[in-house]
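Accompanying notes for the structure given below.
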Amino acid sequence: MGMTKLDDLKRHLKPGQAYRRADLARWSTSVDRHLKELVESGTLKNLSGGLYVYPKETAFGPALSA
């Protein structure tokens with residue numbers, strides 16, 4: 001089975017990094033739908049309007065920055 005557009009977007013995410021909606025739009029033609037799915041799955045956290053973070057896992061749990 002091939003990679004989905006959402007999988008392709010996830011491949012570009014780096015733990016501990018913050019992203020603006022516009023940063024992710026270059027890897028997705030359905031950025032709003034993909035952002036909703038990533039937030040609902042817990043992959044990304046919405047910090048404020050249009051700003052998202054991919055938490056880095058540490059021994060103490062998720063950390064918002066490196």
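A note on labels: chains of the structure tokens are A, B, ... as shown, every chain counts residues from 1, and ligands are counted from 1 in their shown order.
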Practice task
Would you please give, as a list in words, all residues of chain A that DSSP assigns to alpha helix (DSSP H) based on the backbone?
Solution key: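 Here are the alpha helix (DSSP H) residues of chain A: Lys5, Leu6, Asp7, Asp8, Leu9, Lys10, Arg11, Arg21, Ala22, Asp23, Leu24, Ala25, Val31, Asp32, Arg33, His34, Leu35, Lys36, Glu37, Leu38, Val39 and Glu40 of chain A.
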Write out as number ranges by chain the residues lying within 9 Å of range 26-38 of chain A, counting only C-alpha atoms and excluding same-chain residues fewer than 2 positions away. A: 5-6, 8-10, 12, 21-24, 40-45, 52
Enumerate as a list in words all residues of chain A assigned to strand (DSSP E) by DSSP on the backbone, naming them with the chain letters and numbers the document uses. Ala18, Tyr19, Arg20, Lys45, Asn46, Leu47, Ser48, Leu51, Tyr52, Val53, Lys56, Glu57, Thr58, Gly61, Pro62 and Ala63 of chain A
Keeping only N, CA, C and O atoms, write the selected residues to a file as a tab-separated table (two decimals), in the first residue's frame.
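The result, stored in again-v7.tsv:
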```
chain	number	residue	atom	x	y	z
A	18	ALA	N	8.27	23.70	16.16
A	18	ALA	CA	7.00	24.40	16.03
A	18	ALA	C	6.79	24.73	14.56
A	18	ALA	O	7.75	24.97	13.82
A	19	TYR	N	5.54	24.70	14.14
A	19	TYR	CA	5.21	24.94	12.74
A	19	TYR	C	4.02	25.89	12.64
A	19	TYR	O	3.09	25.81	13.43
A	20	ARG	N	4.07	26.77	11.66
A	20	ARG	CA	2.92	27.59	11.32
A	20	ARG	C	2.14	26.86	10.24
A	20	ARG	O	2.69	26.03	9.52
A	45	LYS	N	0.24	19.49	18.61
A	45	LYS	CA	-0.52	20.25	19.61
A	45	LYS	C	-0.72	21.65	19.05
A	45	LYS	O	0.22	22.25	18.52
A	46	ASN	N	-1.95	22.16	19.18
A	46	ASN	CA	-2.26	23.51	18.71
A	46	ASN	C	-1.92	24.48	19.84
A	46	ASN	O	-2.55	24.46	20.89
A	47	LEU	N	-0.91	25.33	19.63
A	47	LEU	CA	-0.51	26.29	20.66
A	47	LEU	C	-1.38	27.53	20.62
A	47	LEU	O	-1.77	28.05	21.65
A	48	SER	N	-1.63	28.04	19.42
A	48	SER	CA	-2.51	29.20	19.23
A	48	SER	C	-2.91	29.22	17.77
A	48	SER	O	-2.48	28.35	17.00
A	51	LEU	N	-0.50	28.10	14.93
A	51	LEU	CA	0.81	27.67	15.42
A	51	LEU	C	0.67	26.31	16.10
A	51	LEU	O	-0.14	26.13	17.00
A	52	TYR	N	1.48	25.36	15.64
A	52	TYR	CA	1.40	23.98	16.10
A	52	TYR	C	2.80	23.52	16.51
A	52	TYR	O	3.80	24.02	15.99
A	53	VAL	N	2.85	22.55	17.42
A	53	VAL	CA	4.13	21.98	17.84
A	53	VAL	C	4.03	20.47	17.77
A	53	VAL	O	2.98	19.88	18.05
A	56	LYS	N	8.31	16.56	21.51
A	56	LYS	CA	9.42	15.60	21.55
A	56	LYS	C	9.21	14.72	22.77
A	56	LYS	O	8.96	15.22	23.87
A	57	GLU	N	9.31	13.41	22.59
A	57	GLU	CA	9.15	12.50	23.72
A	57	GLU	C	10.44	12.45	24.54
A	57	GLU	O	11.53	12.32	23.99
A	58	THR	N	10.31	12.61	25.86
A	58	THR	CA	11.45	12.52	26.76
A	58	THR	C	11.14	11.45	27.81
A	58	THR	O	10.04	10.90	27.85
A	61	GLY	N	8.03	12.41	29.65
A	61	GLY	CA	6.82	12.66	28.86
A	61	GLY	C	7.09	13.63	27.74
A	61	GLY	O	8.24	13.96	27.46
A	62	PRO	N	6.04	14.10	27.09
A	62	PRO	CA	6.22	14.99	25.95
A	62	PRO	C	6.76	16.36	26.36
A	62	PRO	O	6.32	16.93	27.35
A	63	ALA	N	7.70	16.88	25.59
A	63	ALA	CA	8.26	18.20	25.80
A	63	ALA	C	7.93	19.05	24.57
A	63	ALA	O	8.05	18.57	23.44
```
